[in-house]
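This is target.cif. It holds mmCIF, C-alpha atoms.
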```
data_query
#
loop_
_atom_site.group_PDB
_atom_site.id
_atom_site.type_symbol
_atom_site.label_atom_id
_atom_site.label_comp_id
_atom_site.auth_asym_id
_atom_site.auth_seq_id
_atom_site.Cartn_x
_atom_site.Cartn_y
_atom_site.Cartn_z
ATOM 1 C CA MET A 264 0.779 10.614 0.924
ATOM 2 C CA VAL A 265 -1.033 8.960 -2.004
ATOM 3 C CA VAL A 266 -4.580 8.059 -3.041
ATOM 4 C CA ILE A 267 -5.522 4.390 -3.230
ATOM 5 C CA GLU A 268 -6.446 3.861 -6.885
ATOM 6 C CA ASP A 269 -7.220 0.136 -6.800
ATOM 7 C CA LYS A 270 -7.131 -2.856 -4.448
ATOM 8 C CA GLU A 271 -6.227 -6.470 -5.219
ATOM 9 C CA SER A 272 -5.729 -9.628 -3.233
ATOM 10 C CA HIS A 273 -3.890 -12.637 -4.596
ATOM 11 C CA HIS A 274 -4.526 -16.141 -3.365
ATOM 12 C CA SER A 275 -2.443 -19.239 -3.827
ATOM 13 C CA LYS A 276 -2.537 -22.616 -2.197
ATOM 14 C CA HIS A 277 -0.024 -21.561 0.448
ATOM 15 C CA SER A 278 -0.299 -17.792 0.802
ATOM 16 C CA ARG A 279 -2.383 -14.691 0.365
ATOM 17 C CA SER A 280 -1.158 -11.189 -0.428
ATOM 18 C CA TYR A 281 -2.836 -7.794 -0.443
ATOM 19 C CA GLU A 282 -1.929 -4.803 -2.620
ATOM 20 C CA PHE A 283 -2.966 -1.228 -3.273
ATOM 21 C CA THR A 284 -2.282 0.479 -6.592
ATOM 22 C CA VAL A 285 -0.955 4.008 -5.994
ATOM 23 C CA THR A 286 0.906 6.744 -7.869
ATOM 24 C CA ALA A 287 3.922 8.471 -6.303
ATOM 25 C CA GLN A 288 6.300 10.869 -8.023
ATOM 26 C CA GLY A 289 4.629 10.146 -11.366
ATOM 27 C CA ASP A 290 5.052 6.356 -11.150
ATOM 28 C CA THR A 291 2.071 4.024 -10.709
ATOM 29 C CA PHE A 292 2.786 0.753 -8.910
ATOM 30 C CA ASP A 293 1.382 -1.868 -6.557
ATOM 31 C CA ILE A 294 2.478 -1.839 -2.934
ATOM 32 C CA ASP A 295 2.058 -4.748 -0.525
ATOM 33 C CA VAL A 296 -0.070 -3.862 2.487
ATOM 34 C CA PRO A 297 -1.065 -5.708 5.660
ATOM 35 C CA ARG A 298 -4.348 -7.624 5.584
ATOM 36 C CA SER A 299 -5.861 -5.250 8.142
ATOM 37 C CA HIS A 300 -5.127 -2.224 5.899
ATOM 38 C CA TYR A 301 -6.627 -3.983 2.878
ATOM 39 C CA TYR A 302 -9.956 -4.441 4.668
ATOM 40 C CA THR A 303 -9.907 -1.035 6.417
ATOM 41 C CA PHE A 304 -9.155 1.296 3.483
ATOM 42 C CA ASP A 305 -10.962 1.733 0.168
ATOM 43 C CA GLU A 306 -10.270 3.162 -3.262
ATOM 44 C CA GLY A 307 -10.080 6.953 -3.022
ATOM 45 C CA ASP A 308 -8.760 6.952 0.564
ATOM 46 C CA LEU A 309 -5.515 8.734 1.398
ATOM 47 C CA TYR A 310 -2.686 6.402 2.363
ATOM 48 C CA VAL A 311 0.798 7.062 3.741
ATOM 49 C CA ILE A 312 3.824 5.365 2.201
ATOM 50 C CA GLU A 313 7.527 5.863 2.885
ATOM 51 C CA TYR A 314 10.311 6.066 0.318
ATOM 52 C CA ARG A 315 13.434 4.114 1.244
ATOM 53 C CA GLU A 316 16.871 3.992 -0.336
ATOM 54 C CA GLY A 317 17.427 0.331 -1.085
ATOM 55 C CA ALA A 318 20.540 -1.726 -1.479
ATOM 56 C CA PHE A 319 22.446 -1.506 -4.753
ATOM 57 C CA GLY A 320 20.694 1.749 -5.696
ATOM 58 C CA GLU A 321 17.213 0.172 -5.852
ATOM 59 C CA PRO A 322 14.792 2.444 -3.965
ATOM 60 C CA TYR A 323 11.440 1.136 -2.767
ATOM 61 C CA TYR A 324 8.274 2.202 -0.943
ATOM 62 C CA ILE A 325 6.714 0.644 2.147
ATOM 63 C CA ALA A 326 3.179 0.868 3.454
ATOM 64 C CA VAL A 327 2.704 2.933 6.616
ATOM 65 C CA GLY A 328 -1.052 3.409 7.048
ATOM 66 C CA GLY A 329 -4.102 5.427 6.285
ATOM 67 C CA VAL A 330 -5.007 8.976 7.086
ATOM 68 C CA THR A 331 -7.914 9.675 9.420
ATOM 69 C CA GLU A 332 -10.306 12.584 9.028
ATOM 70 C CA LYS A 333 -8.129 14.555 11.437
ATOM 71 C CA GLY A 334 -5.019 13.986 9.311
ATOM 72 C CA ASP A 335 -3.402 11.554 11.745
ATOM 73 C CA THR A 336 -1.917 8.197 10.785
ATOM 74 C CA PRO A 337 -3.266 5.188 12.679
#
```
Can you turn what I pasted into structure tokens?
Amino acid sequence: MVVIEDKESHHSKHSRSYEFTVTAQGDTFDIDVPRSHYYTFDEGDLYVIEYREGAFGEPYYIAVGGVTEKGDTP
């Protein structure tokens, strides 16, 4: 679980992407999130990400969702 530190959306002629800036295990990075998460969660909110072992020894994180007041993921 991480805290959303910043939010950014990027627009181009053909696509739009949404990102949260988070810190996990001492590393700060941007993670792509679904549009619905971008508009639902704000800076300072808790957010769940998963660590995955990637191909060729390149691990990565994926967005899972936010944390409600009861501690459940949506």
Return the padded bounding box of range 295-304 of chain A as AutoDock Vina command-line options: axis-aligned, built from all atoms listed in the file, 8 Å added on each side, with centre and edge lengths in Å to one decimal.
```
--center_x -3.9 --center_y -3.2 --center_z 3.8 --size_x 28.0 --size_y 24.9 --size_z 24.7
```
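Residues matched by the PyMOL selection byres ((chain A and resi 307) around 8) in this file: Val266, Ile267, Glu268, Asp305, Glu306, Asp308 and Leu309 of chain A.
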Q: For range 290-294 of chain A, please output as a PyMOL selection string all residues within 12 Å (counting all atoms listed in the file; exclusion window: fewer than 6 positions along the same chain).
A: chain A and resi 265-272+280-284+300-301+310-314+323-328
Q: Could you check which of A:Arg315, A:His274, A:Val330, A:Arg279 is closest to Val296 in chain A, using all atoms listed in the file?
A: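 Between A:Arg315, A:His274, A:Val330, A:Arg279, the residue approaching Val296 in chain A most closely is A:Arg279.
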Q.
I'd like the interatomic distance between CA of Ala318 in chain A and CA of Pro297 in chain A, to a tenth of an Å.
A.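 Rounded to one decimal, the two atoms are 23.1 Å apart.
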Q: Just give me the gap between CA of Arg298 in chain A and CA of Gly329 in chain A in Å, one decimal is fine.
A: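 Between CA of Arg298 in chain A and CA of Gly329 in chain A the gap works out to 13.1 Å.
In this structure, CA of Gln288 in chain A sits 15.4 Å away from CA of Glu321 in chain A.
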